[in-house]
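Written below as structure tokens is the structure these notes are about.
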Amino acid sequence: MMQIPTWSRILTLLILLAGVIFALPNALPENVLNRLPPFFPKKTVSLGLDLQGGSYLLLEVELDKVQKDRLETLLGDIRVGLRKARIAYSNLGAGADSVSVHIIDSARMDDAKNVLKGLNPLVTGGVLSVGARAYDLGDLGGGTIQMKMTDAYKNGTKNDIVNQSIEVVRRRIDQLGTKEPAIERQGDDRIVVQVPGLSDPDRLIKLLGTTAKMTFQLVDQGANVAEAQKGIVPIGDELLYEDNPQKGQPPIPYVLEKRIMVSGDRLTDAQGTFDQQSGGAVVTFRFDSVGARQFGNATKDNVGRLFAIVLDNKVIEAPVIQTPILGGSGQITGGFTIQTANDLAVLLRAGALPAPLKPLERRTVGAELGADAIHAGKISTLAGLALVALFMFARYGMFGIFADVALTLNVILLLAVLTMLGATLTLPGIAGIVLTMGMAVDANVLIYERIREEYRNGRTIIASIDTGFRLAMATIVDANATHVIAAIILFELGSGPVRGFAVTLLIGIITSFFTAVMVTRLIVVTWYMTRKPKKLTL
């Protein structure tokens, strides 16, 4: 134990040096950070809503509205399918989670069921749901057929809608230019939004109030765009614009046919990737079975035309239909970089399952309150550090100073790790740091008390130090393991402030173990090899 390998010494010193470098920007003013060399880390710990001030929103995703829209879309598909098959029907309507239709001619029941089966898409997104259909097709008797949503489809739709809604919320908040917004899911159908630095929650609600609606529409290339910009839009058309800030161009006007060729709720996936042939960045997409058929018909009949992708009445892209796309999947090209391809894919996915967001709670945290919290946090942290350091010095003398040095390095490493991870520091997080400082010296106390006991039993100084570090290790590992388990449970089961506390506590446990064992041992061994004391004063 007293012989520390050279590689271990070097690794410990490199970790400490990296910690100081990454934590240093948090202690420097912004004007000094701007003058540092480009290679020097400049990232700092982000402050949470309770420290910086800002807006807090609790939003509810209105899943019932989406389910109703899905059923309305299915009604339209059934209506078109039965008319095309020349099957007479009546009493076509939707319930809470099902659609029913009465077939007038009982001899055409099998034909009607075949039409409805063709409108029943596969459930995607889970291994257990491979081959499963979105609706259960049943015969209610008397010529009435029912299509009822399956539980797998309901659950999958709910998860997809909430996740896609979070993507939409995140993308729209990013347009505000705010730093480090916190957006997370709460429960089955709620989203918590915290935007530091934004003091107007009404503005945030207005930003998020519009439901993302995705459509695929043909461009009317025969229309006069200049006339349309003057207000003379052909009947059946509409004038929309494409914002293209990446290319530094003004908004591009398009005259689109109002008829929606494919609705965005038929889109199941979109990804930014590279074309295997050209090597350029493209966006791949996939529809469900019904959407694939609609998209295939639209592209087959309109090769060479512009096909606009519209989100919230804005054209995202208007690529040329180069060939018919009949397989339900395809790709969009257009001089993308991988970044712009990924951005477009996010928009496509986010718009595929739109849902209204209902604000349940809103509140504003003032900057003055946040400043007071920061001041109180600094005082509590410094006071905790000073009191622990004073106790260790009074109890263990020179060895207490070694523990105090390790404790200071522990706080630096903890701050460095939080900075590198991009964590957001909140008041509960500060509480976790203060608690970590008290826990950090536990290992030192165990080691020192064991060294003191061995020295009193007649062992030499070097044997006492070696035995103290070696035999205390098992107890230290057990104690830290239980703390890690508690922190993980807090993180998994908690939310918001509880998670912030758990993160700092977990990181603090890891850094304190490193500093108490590795750093303290290095300091003690170096002190002994340099001073070679005849008597141990501990």
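Just so we're on the same page: first chain in the structure tokens is A, next is B, and so on; residues restart at 1 for each chain, and ligands are numbered from 1 in the order they show up.
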*For A:Phe285, work out the shell of residues within 6 Å, counting only C-alpha atoms and skipping chain neighbours fewer than 2 positions away, then give it as a ChimeraX atom specification.*
/A:269-270,329-330
*Near stretch 15-24 of chain A, counting only C-alpha atoms, which residues have an atom at most 12 Å away, once you skip same-chain residues fewer than 6 positions from it, shown as a PyMOL selection string?*
chain A and resi 8-9+30+32-33+36+39-45+405-406+408-422+511+514-515+518-519
Could you please take those selected residues and save N, CA, C and O atoms as a CSV table (one decimal), in the first residue's frame?
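Here's the written file part-v1.csv:
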chain,number,residue,atom,x,y,z
A,8,SER,N,0.1,5.1,-11.4
A,8,SER,CA,-1.0,5.5,-10.6
A,8,SER,C,-0.8,7.0,-10.1
A,8,SER,O,-1.8,7.7,-10.1
A,9,ARG,N,0.4,7.4,-9.8
A,9,ARG,CA,0.7,8.7,-9.4
A,9,ARG,C,0.3,9.7,-10.5
A,9,ARG,O,-0.3,10.7,-10.4
A,30,GLU,N,-17.0,36.6,-17.1
A,30,GLU,CA,-17.1,36.4,-18.6
A,30,GLU,C,-16.1,37.1,-19.4
A,30,GLU,O,-15.6,36.5,-20.4
A,32,VAL,N,-13.0,37.6,-18.7
A,32,VAL,CA,-11.8,36.9,-18.7
A,32,VAL,C,-11.9,35.6,-19.5
A,32,VAL,O,-11.0,35.2,-20.3
A,33,LEU,N,-13.1,34.9,-19.5
A,33,LEU,CA,-13.3,33.7,-20.3
A,33,LEU,C,-13.1,34.0,-21.8
A,33,LEU,O,-12.6,33.2,-22.5
A,36,LEU,N,-9.5,33.9,-23.0
A,36,LEU,CA,-8.8,32.7,-22.9
A,36,LEU,C,-8.5,32.1,-24.3
A,36,LEU,O,-9.3,32.3,-25.3
A,39,PHE,N,-8.5,26.7,-27.3
A,39,PHE,CA,-8.5,25.4,-26.8
A,39,PHE,C,-8.9,25.2,-25.3
A,39,PHE,O,-9.1,24.1,-24.9
A,40,PHE,N,-8.9,26.3,-24.6
A,40,PHE,CA,-9.2,26.2,-23.2
A,40,PHE,C,-10.7,26.0,-23.0
A,40,PHE,O,-11.5,26.7,-23.6
A,41,PRO,N,-11.1,25.1,-22.1
A,41,PRO,CA,-12.6,24.9,-21.8
A,41,PRO,C,-13.2,26.2,-21.3
A,41,PRO,O,-12.7,26.8,-20.4
A,42,LYS,N,-14.4,26.5,-21.8
A,42,LYS,CA,-15.1,27.7,-21.4
A,42,LYS,C,-16.5,27.4,-20.9
A,42,LYS,O,-17.3,28.3,-20.5
A,43,LYS,N,-16.9,26.1,-20.9
A,43,LYS,CA,-18.2,25.7,-20.5
A,43,LYS,C,-18.4,25.9,-19.0
A,43,LYS,O,-17.4,25.6,-18.2
A,44,THR,N,-19.5,26.4,-18.5
A,44,THR,CA,-19.8,26.5,-17.1
A,44,THR,C,-21.0,25.8,-16.7
A,44,THR,O,-21.8,25.4,-17.6
A,45,VAL,N,-21.2,25.6,-15.5
A,45,VAL,CA,-22.4,24.9,-15.0
A,45,VAL,C,-23.7,25.8,-15.2
A,45,VAL,O,-23.6,27.0,-14.9
A,405,VAL,N,-7.3,19.1,2.2
A,405,VAL,CA,-6.8,19.3,0.8
A,405,VAL,C,-7.6,18.4,-0.1
A,405,VAL,O,-8.1,18.8,-1.2
A,406,ALA,N,-7.8,17.1,0.3
A,406,ALA,CA,-8.6,16.2,-0.5
A,406,ALA,C,-10.0,16.6,-0.6
A,406,ALA,O,-10.6,16.5,-1.7
A,408,THR,N,-11.2,19.8,-0.5
A,408,THR,CA,-11.2,20.9,-1.5
A,408,THR,C,-11.1,20.4,-2.9
A,408,THR,O,-11.9,20.8,-3.8
A,409,LEU,N,-10.2,19.4,-3.2
A,409,LEU,CA,-10.1,18.8,-4.5
A,409,LEU,C,-11.4,18.1,-4.9
A,409,LEU,O,-11.7,18.1,-6.1
A,410,ASN,N,-12.0,17.5,-3.9
A,410,ASN,CA,-13.3,16.8,-4.2
A,410,ASN,C,-14.4,17.8,-4.7
A,410,ASN,O,-15.1,17.5,-5.7
A,411,VAL,N,-14.5,18.9,-4.1
A,411,VAL,CA,-15.4,19.9,-4.5
A,411,VAL,C,-15.1,20.4,-5.9
A,411,VAL,O,-16.0,20.6,-6.8
A,412,ILE,N,-13.8,20.6,-6.2
A,412,ILE,CA,-13.4,21.0,-7.6
A,412,ILE,C,-13.7,19.9,-8.6
A,412,ILE,O,-14.3,20.2,-9.7
A,413,LEU,N,-13.4,18.7,-8.3
A,413,LEU,CA,-13.8,17.6,-9.2
A,413,LEU,C,-15.3,17.5,-9.4
A,413,LEU,O,-15.7,17.2,-10.5
A,414,LEU,N,-16.0,17.6,-8.4
A,414,LEU,CA,-17.5,17.5,-8.5
A,414,LEU,C,-18.0,18.6,-9.4
A,414,LEU,O,-18.8,18.4,-10.3
A,415,LEU,N,-17.5,19.8,-9.2
A,415,LEU,CA,-17.9,20.9,-10.1
A,415,LEU,C,-17.5,20.7,-11.5
A,415,LEU,O,-18.2,21.0,-12.5
A,416,ALA,N,-16.3,20.1,-11.7
A,416,ALA,CA,-15.8,19.8,-13.1
A,416,ALA,C,-16.7,18.8,-13.8
A,416,ALA,O,-17.0,18.9,-15.0
A,417,VAL,N,-17.1,17.7,-13.1
A,417,VAL,CA,-17.9,16.7,-13.7
A,417,VAL,C,-19.3,17.3,-14.0
A,417,VAL,O,-19.8,17.0,-15.1
A,418,LEU,N,-19.8,18.1,-13.1
A,418,LEU,CA,-21.1,18.7,-13.4
A,418,LEU,C,-21.0,19.6,-14.7
A,418,LEU,O,-21.9,19.6,-15.5
A,419,THR,N,-19.9,20.3,-14.8
A,419,THR,CA,-19.7,21.1,-16.0
A,419,THR,C,-19.6,20.3,-17.3
A,419,THR,O,-20.2,20.6,-18.3
A,420,MET,N,-18.8,19.2,-17.2
A,420,MET,CA,-18.6,18.4,-18.4
A,420,MET,C,-19.9,17.7,-18.8
A,420,MET,O,-20.1,17.5,-20.0
A,421,LEU,N,-20.7,17.3,-17.9
A,421,LEU,CA,-21.9,16.6,-18.2
A,421,LEU,C,-23.0,17.6,-18.7
A,421,LEU,O,-24.1,17.2,-19.1
A,422,GLY,N,-22.8,18.9,-18.5
A,422,GLY,CA,-23.8,19.9,-18.9
A,422,GLY,C,-25.0,19.9,-17.9
A,422,GLY,O,-26.1,20.2,-18.3
A,511,THR,N,-16.6,11.1,-6.6
A,511,THR,CA,-15.4,11.9,-6.5
A,511,THR,C,-14.8,11.9,-5.1
A,511,THR,O,-13.6,11.9,-4.9
A,514,PHE,N,-12.7,8.8,-4.7
A,514,PHE,CA,-11.4,9.0,-5.4
A,514,PHE,C,-10.5,9.8,-4.5
A,514,PHE,O,-9.3,9.5,-4.3
A,515,THR,N,-11.0,11.0,-4.0
A,515,THR,CA,-10.1,11.9,-3.3
A,515,THR,C,-9.7,11.3,-1.9
A,515,THR,O,-8.6,11.5,-1.5
A,518,MET,N,-7.5,7.7,-3.1
A,518,MET,CA,-6.3,7.9,-4.0
A,518,MET,C,-5.5,9.1,-3.6
A,518,MET,O,-4.3,9.1,-3.4
A,519,VAL,N,-6.2,10.2,-3.5
A,519,VAL,CA,-5.5,11.5,-3.3
A,519,VAL,C,-4.9,11.6,-1.9
A,519,VAL,O,-3.7,11.9,-1.7
*asked:* For a test of reading the model, state the distance in Å between atom CA of A:Tyr396 and atom CA of A:Arg450, rounded to one decimal.
replied: 12.4 Å
*Find the distance between atom CA of A:Gly397 and atom CA of A:Tyr448 and write it in Å to one decimal.*
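Interatomic distance here is 11.0 Å.
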_Best match for closeness to A:Asp189 among A:Ala96, A:Ile205, A:Leu58, A:Leu119, counting only C-alpha atoms_ =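 That would be A:Leu58, the residue with the smallest distance to A:Asp189.
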*asked:* as a PyMOL selection string, please: the residues near A:Leu360 (cut-off 8 Å, only C-alpha atoms, same-chain neighbours under 6 positions excluded).
replied: chain A and resi 57-60
Keeping only all heavy atoms, take the residues you just selected and write them out as a compact mmCIF listing (two decimals), in the first residue's frame.
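Output file selection.txt is given in full below:
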# COMPACT_ATOMS: atom_id res chain seq x y z
N LEU A 57 -43.72 25.87 -16.60
CA LEU A 57 -45.02 25.46 -17.14
C LEU A 57 -45.20 23.96 -16.94
O LEU A 57 -44.26 23.18 -17.10
CB LEU A 57 -45.11 25.75 -18.64
CG LEU A 57 -45.37 27.18 -19.10
CD1 LEU A 57 -45.43 27.22 -20.62
CD2 LEU A 57 -46.66 27.71 -18.51
N LEU A 58 -46.41 23.58 -16.57
CA LEU A 58 -46.80 22.17 -16.54
C LEU A 58 -47.88 22.00 -17.61
O LEU A 58 -48.96 22.59 -17.51
CB LEU A 58 -47.32 21.78 -15.17
CG LEU A 58 -47.81 20.33 -15.03
CD1 LEU A 58 -46.69 19.35 -15.33
CD2 LEU A 58 -48.39 20.08 -13.65
N LEU A 59 -47.58 21.22 -18.63
CA LEU A 59 -48.47 21.05 -19.77
C LEU A 59 -49.04 19.64 -19.79
O LEU A 59 -48.36 18.68 -19.43
CB LEU A 59 -47.73 21.30 -21.09
CG LEU A 59 -47.02 22.65 -21.22
CD1 LEU A 59 -46.17 22.67 -22.48
CD2 LEU A 59 -48.03 23.79 -21.26
N GLU A 60 -50.28 19.53 -20.22
CA GLU A 60 -50.92 18.23 -20.38
C GLU A 60 -51.15 17.96 -21.86
O GLU A 60 -51.71 18.80 -22.58
CB GLU A 60 -52.25 18.19 -19.63
CG GLU A 60 -52.94 16.83 -19.72
CD GLU A 60 -54.28 16.83 -18.99
OE1 GLU A 60 -55.01 17.83 -19.09
OE2 GLU A 60 -54.58 15.83 -18.33
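Coordinates place atom CA of A:Thr467 at a distance of 14.4 Å from atom CA of A:Val445.
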_To test your reading of the structure, identify every residue in stretch 149-200 of chain A that backbone DSSP assigns to strand (DSSP E), and report it as a PyMOL selection string._
chain A and resi 149+182-186+190-196
*Selection: 12 Å around A:Gly429, only C-alpha atoms, excl. self and same-chain fewer than 4 positions, as a PyMOL selection string*: chain A and resi 45-48+50-51+373-374+377+381+414-415+418+423-425+433-436+496-508
*Name the residues in contact with A:Leu522 at a cut-off of 10 Å, using only C-alpha atoms, excluding same-chain residues fewer than 3 positions from it; report them as a ChimeraX atom specification.*
/A:2-4,8-9,12-13,402,515-519,525-528
Can those selected residues be exported to a file as a short mmCIF file (atom, residue, chain, number, x, y, z; two decimals), in the first residue's frame so that it contains all heavy atoms?
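Output file part-v2.cif follows:
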data_model
loop_
_atom_site.label_atom_id
_atom_site.label_comp_id
_atom_site.auth_asym_id
_atom_site.auth_seq_id
_atom_site.Cartn_x
_atom_site.Cartn_y
_atom_site.Cartn_z
N MET A 2 2.02 1.18 0.65
CA MET A 2 2.89 2.36 0.72
C MET A 2 3.63 2.60 -0.58
O MET A 2 4.13 3.69 -0.82
CB MET A 2 3.88 2.21 1.87
CG MET A 2 3.23 2.24 3.25
SD MET A 2 2.43 3.81 3.62
CE MET A 2 3.88 4.85 3.78
N GLN A 3 3.73 1.55 -1.42
CA GLN A 3 4.42 1.70 -2.70
C GLN A 3 3.38 1.99 -3.79
O GLN A 3 2.66 1.10 -4.23
CB GLN A 3 5.21 0.42 -3.03
CG GLN A 3 6.32 0.10 -2.05
CD GLN A 3 7.41 1.17 -2.02
OE1 GLN A 3 7.71 1.80 -3.06
NE2 GLN A 3 7.99 1.40 -0.86
N ILE A 4 3.30 3.24 -4.20
CA ILE A 4 2.34 3.63 -5.23
C ILE A 4 3.03 3.60 -6.59
O ILE A 4 4.04 4.28 -6.78
CB ILE A 4 1.78 5.04 -4.95
CG1 ILE A 4 1.13 5.08 -3.56
CG2 ILE A 4 0.77 5.44 -6.02
CD1 ILE A 4 0.61 6.45 -3.18
N SER A 8 0.12 5.12 -11.40
CA SER A 8 -0.99 5.54 -10.56
C SER A 8 -0.82 6.98 -10.10
O SER A 8 -1.81 7.75 -10.06
CB SER A 8 -1.10 4.61 -9.35
OG SER A 8 -2.17 4.99 -8.51
N ARG A 9 0.39 7.36 -9.79
CA ARG A 9 0.65 8.75 -9.40
C ARG A 9 0.33 9.71 -10.54
O ARG A 9 -0.34 10.72 -10.35
CB ARG A 9 2.12 8.92 -9.00
CG ARG A 9 2.54 8.16 -7.74
CD ARG A 9 4.05 8.23 -7.57
NE ARG A 9 4.50 7.50 -6.40
CZ ARG A 9 4.76 8.04 -5.22
NH1 ARG A 9 4.62 9.35 -5.06
NH2 ARG A 9 5.17 7.30 -4.21
N THR A 12 -3.47 9.93 -11.23
CA THR A 12 -4.15 10.73 -10.20
C THR A 12 -3.93 12.21 -10.41
O THR A 12 -4.86 13.02 -10.35
CB THR A 12 -3.67 10.31 -8.81
OG1 THR A 12 -3.93 8.92 -8.61
CG2 THR A 12 -4.38 11.11 -7.73
N LEU A 13 -2.67 12.57 -10.70
CA LEU A 13 -2.35 13.98 -10.92
C LEU A 13 -3.02 14.52 -12.19
O LEU A 13 -3.47 15.68 -12.21
CB LEU A 13 -0.83 14.17 -11.00
CG LEU A 13 -0.06 13.90 -9.69
CD1 LEU A 13 1.45 13.98 -9.94
CD2 LEU A 13 -0.48 14.89 -8.61
N PHE A 402 -4.34 17.15 5.48
CA PHE A 402 -4.35 16.32 4.28
C PHE A 402 -5.79 16.04 3.83
O PHE A 402 -6.10 16.10 2.63
CB PHE A 402 -3.63 14.99 4.55
CG PHE A 402 -2.18 15.14 4.92
CD1 PHE A 402 -1.52 14.14 5.61
CD2 PHE A 402 -1.47 16.27 4.56
CE1 PHE A 402 -0.19 14.25 5.95
CE2 PHE A 402 -0.13 16.41 4.90
CZ PHE A 402 0.51 15.40 5.60
N THR A 515 -10.98 10.96 -4.05
CA THR A 515 -10.09 11.86 -3.32
C THR A 515 -9.72 11.31 -1.95
O THR A 515 -8.58 11.47 -1.50
CB THR A 515 -10.76 13.25 -3.15
OG1 THR A 515 -12.04 13.09 -2.53
CG2 THR A 515 -10.91 13.93 -4.49
N ALA A 516 -10.67 10.65 -1.27
CA ALA A 516 -10.38 10.14 0.07
C ALA A 516 -9.40 8.98 0.04
O ALA A 516 -8.57 8.84 0.95
CB ALA A 516 -11.68 9.70 0.75
N VAL A 517 -9.47 8.16 -0.98
CA VAL A 517 -8.61 6.98 -1.05
C VAL A 517 -7.34 7.27 -1.84
O VAL A 517 -6.22 7.15 -1.33
CB VAL A 517 -9.37 5.79 -1.66
CG1 VAL A 517 -8.45 4.58 -1.83
CG2 VAL A 517 -10.55 5.42 -0.78
N MET A 518 -7.49 7.67 -3.11
CA MET A 518 -6.33 7.86 -3.98
C MET A 518 -5.53 9.11 -3.62
O MET A 518 -4.31 9.05 -3.44
CB MET A 518 -6.81 7.93 -5.43
CG MET A 518 -7.51 6.67 -5.91
SD MET A 518 -6.42 5.23 -5.95
CE MET A 518 -5.28 5.73 -7.23
N VAL A 519 -6.22 10.24 -3.52
CA VAL A 519 -5.51 11.50 -3.29
C VAL A 519 -4.92 11.56 -1.89
O VAL A 519 -3.74 11.91 -1.71
CB VAL A 519 -6.46 12.70 -3.54
CG1 VAL A 519 -5.74 14.01 -3.23
CG2 VAL A 519 -6.95 12.69 -4.99
N VAL A 525 1.58 9.26 1.68
CA VAL A 525 2.81 8.54 1.30
C VAL A 525 3.91 9.52 0.92
O VAL A 525 5.08 9.35 1.31
CB VAL A 525 2.51 7.57 0.14
CG1 VAL A 525 3.80 6.99 -0.42
CG2 VAL A 525 1.59 6.45 0.62
N THR A 526 3.56 10.56 0.17
CA THR A 526 4.57 11.56 -0.21
C THR A 526 5.11 12.27 1.02
O THR A 526 6.33 12.52 1.13
CB THR A 526 3.94 12.59 -1.18
OG1 THR A 526 3.41 11.90 -2.33
CG2 THR A 526 4.97 13.61 -1.63
N TRP A 527 4.22 12.60 1.96
CA TRP A 527 4.66 13.24 3.21
C TRP A 527 5.60 12.34 4.00
O TRP A 527 6.64 12.79 4.48
CB TRP A 527 3.44 13.60 4.05
CG TRP A 527 3.75 13.96 5.47
CD1 TRP A 527 4.20 15.16 5.94
CD2 TRP A 527 3.63 13.10 6.61
NE1 TRP A 527 4.38 15.12 7.30
CE2 TRP A 527 4.05 13.86 7.74
CE3 TRP A 527 3.24 11.78 6.79
CZ2 TRP A 527 4.06 13.32 9.02
CZ3 TRP A 527 3.25 11.25 8.07
CH2 TRP A 527 3.66 12.01 9.17
N TYR A 528 5.26 11.06 4.08
CA TYR A 528 6.10 10.15 4.86
C TYR A 528 7.47 9.95 4.18
O TYR A 528 8.50 9.96 4.86
CB TYR A 528 5.40 8.80 5.01
CG TYR A 528 6.23 7.79 5.77
CD1 TYR A 528 6.28 7.81 7.15
CD2 TYR A 528 7.01 6.83 5.10
CE1 TYR A 528 7.06 6.90 7.86
CE2 TYR A 528 7.79 5.93 5.78
CZ TYR A 528 7.81 5.97 7.17
OH TYR A 528 8.60 5.08 7.86
#
_Please list as a ChimeraX atom specification every residue within 6 Å of stretch 181-183 of chain A, counting only C-alpha atoms and excluding residues in the same chain fewer than 2 positions away._
/A:179,192-195
*Using only C-alpha atoms, which of the listed residues (A:Ile103, A:Ile451, A:Leu92, A:Val484) sits closest to A:Arg470?*
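Of the candidates, the smallest distance to A:Arg470 is held by A:Ile451.
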*Assign secondary structure with DSSP using the backbone only, and return the residues of stretch 205-452 of chain A in alpha helix (DSSP H) as a PyMOL selection string.*
chain A and resi 205-208+225-229+289-301+338-352+367-396+398-421+427-440+442-452
Writing out the chosen residues with C-alpha atoms as a CSV table (one decimal), in the first residue's frame:
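File selection_18.csv, as written:
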chain,number,residue,atom,x,y,z
A,205,ILE,CA,-47.8,29.4,-23.7
A,206,LYS,CA,-48.4,31.3,-26.9
A,207,LEU,CA,-45.3,29.7,-28.4
A,208,LEU,CA,-46.4,26.2,-27.5
A,225,VAL,CA,-46.4,33.3,-57.6
A,226,ALA,CA,-46.1,37.1,-58.0
A,227,GLU,CA,-49.8,37.4,-58.5
A,228,ALA,CA,-50.5,35.2,-55.5
A,229,GLN,CA,-48.3,37.4,-53.4
A,289,SER,CA,-49.7,0.9,-44.7
A,290,VAL,CA,-52.5,3.3,-45.5
A,291,GLY,CA,-50.1,6.3,-45.9
A,292,ALA,CA,-47.8,4.2,-48.0
A,293,ARG,CA,-50.6,3.5,-50.5
A,294,GLN,CA,-51.7,7.2,-50.5
A,295,PHE,CA,-48.1,8.4,-51.0
A,296,GLY,CA,-47.4,5.8,-53.7
A,297,ASN,CA,-50.4,7.0,-55.7
A,298,ALA,CA,-49.5,10.6,-55.3
A,299,THR,CA,-45.9,10.1,-56.4
A,300,LYS,CA,-46.8,7.8,-59.2
A,301,ASP,CA,-49.2,10.3,-60.8
A,338,ILE,CA,-26.0,15.9,-41.9
A,339,GLN,CA,-27.1,18.7,-39.5
A,340,THR,CA,-29.9,20.0,-41.7
A,341,ALA,CA,-30.9,16.5,-42.6
A,342,ASN,CA,-31.2,15.6,-38.9
A,343,ASP,CA,-33.1,18.8,-38.3
A,344,LEU,CA,-35.6,18.0,-41.0
A,345,ALA,CA,-36.0,14.5,-39.7
A,346,VAL,CA,-36.8,15.8,-36.2
A,347,LEU,CA,-39.4,18.1,-37.7
A,348,LEU,CA,-41.0,15.2,-39.6
A,349,ARG,CA,-41.1,13.0,-36.6
A,350,ALA,CA,-42.3,15.8,-34.4
A,351,GLY,CA,-45.1,16.6,-36.8
A,352,ALA,CA,-46.1,13.0,-37.4
A,367,ALA,CA,-34.2,37.0,-10.9
A,368,GLU,CA,-33.9,38.6,-7.4
A,369,LEU,CA,-35.1,35.5,-5.7
A,370,GLY,CA,-32.7,33.5,-7.7
A,371,ALA,CA,-29.8,35.8,-6.8
A,372,ASP,CA,-30.7,35.4,-3.1
A,373,ALA,CA,-30.7,31.6,-3.5
A,374,ILE,CA,-27.3,31.7,-5.2
A,375,HIS,CA,-25.9,33.9,-2.3
A,376,ALA,CA,-27.4,31.6,0.3
A,377,GLY,CA,-26.0,28.6,-1.6
A,378,LYS,CA,-22.5,30.1,-1.6
A,379,ILE,CA,-22.7,30.9,2.1
A,380,SER,CA,-23.9,27.4,3.0
A,381,THR,CA,-21.3,25.7,0.8
A,382,LEU,CA,-18.4,27.8,2.2
A,383,ALA,CA,-19.6,27.4,5.8
A,384,GLY,CA,-20.0,23.7,5.4
A,385,LEU,CA,-16.5,23.4,3.9
A,386,ALA,CA,-15.0,25.6,6.6
A,387,LEU,CA,-16.6,23.8,9.5
A,388,VAL,CA,-15.7,20.3,8.2
A,389,ALA,CA,-12.1,21.5,7.6
A,390,LEU,CA,-11.8,23.0,11.0
A,391,PHE,CA,-13.1,19.8,12.7
A,392,MET,CA,-10.7,17.6,10.8
A,393,PHE,CA,-7.7,19.8,11.7
A,394,ALA,CA,-8.7,20.0,15.3
A,395,ARG,CA,-9.2,16.2,15.5
A,396,TYR,CA,-6.3,14.9,13.4
A,398,MET,CA,-1.5,17.4,10.1
A,399,PHE,CA,-3.5,14.4,8.8
A,400,GLY,CA,-6.6,16.6,9.1
A,401,ILE,CA,-4.9,19.1,6.8
A,402,PHE,CA,-4.3,16.3,4.3
A,403,ALA,CA,-8.1,15.5,4.5
A,404,ASP,CA,-9.0,19.1,4.0
A,405,VAL,CA,-6.8,19.3,0.8
A,406,ALA,CA,-8.6,16.2,-0.5
A,407,LEU,CA,-12.0,17.7,0.5
A,408,THR,CA,-11.2,20.9,-1.5
A,409,LEU,CA,-10.1,18.8,-4.5
A,410,ASN,CA,-13.3,16.8,-4.2
A,411,VAL,CA,-15.4,19.9,-4.5
A,412,ILE,CA,-13.4,21.0,-7.6
A,413,LEU,CA,-13.8,17.6,-9.2
A,414,LEU,CA,-17.5,17.5,-8.5
A,415,LEU,CA,-17.9,20.9,-10.1
A,416,ALA,CA,-15.8,19.8,-13.1
A,417,VAL,CA,-17.9,16.7,-13.7
A,418,LEU,CA,-21.1,18.7,-13.4
A,419,THR,CA,-19.7,21.1,-16.0
A,420,MET,CA,-18.6,18.4,-18.4
A,421,LEU,CA,-21.9,16.6,-18.2
A,427,LEU,CA,-31.0,24.5,-4.9
A,428,PRO,CA,-31.4,20.8,-4.2
A,429,GLY,CA,-28.2,20.3,-6.2
A,430,ILE,CA,-26.4,22.7,-3.9
A,431,ALA,CA,-27.8,20.7,-0.9
A,432,GLY,CA,-26.4,17.6,-2.4
A,433,ILE,CA,-23.0,19.3,-2.7
A,434,VAL,CA,-23.1,20.4,1.0
A,435,LEU,CA,-24.1,16.9,2.0
A,436,THR,CA,-21.3,15.4,-0.1
A,437,MET,CA,-18.7,17.5,1.8
A,438,GLY,CA,-19.8,16.0,5.1
A,439,MET,CA,-19.8,12.5,3.6
A,440,ALA,CA,-16.4,13.0,1.8
A,442,ASP,CA,-16.1,9.8,6.4
A,443,ALA,CA,-13.6,7.7,4.5
A,444,ASN,CA,-10.7,9.8,6.0
A,445,VAL,CA,-12.1,9.3,9.5
A,446,LEU,CA,-12.3,5.6,9.0
A,447,ILE,CA,-8.7,5.4,7.7
A,448,TYR,CA,-7.3,7.7,10.3
A,449,GLU,CA,-9.0,6.0,13.2
A,450,ARG,CA,-7.7,2.6,12.0
A,451,ILE,CA,-4.1,4.1,11.6
A,452,ARG,CA,-4.4,5.5,15.2
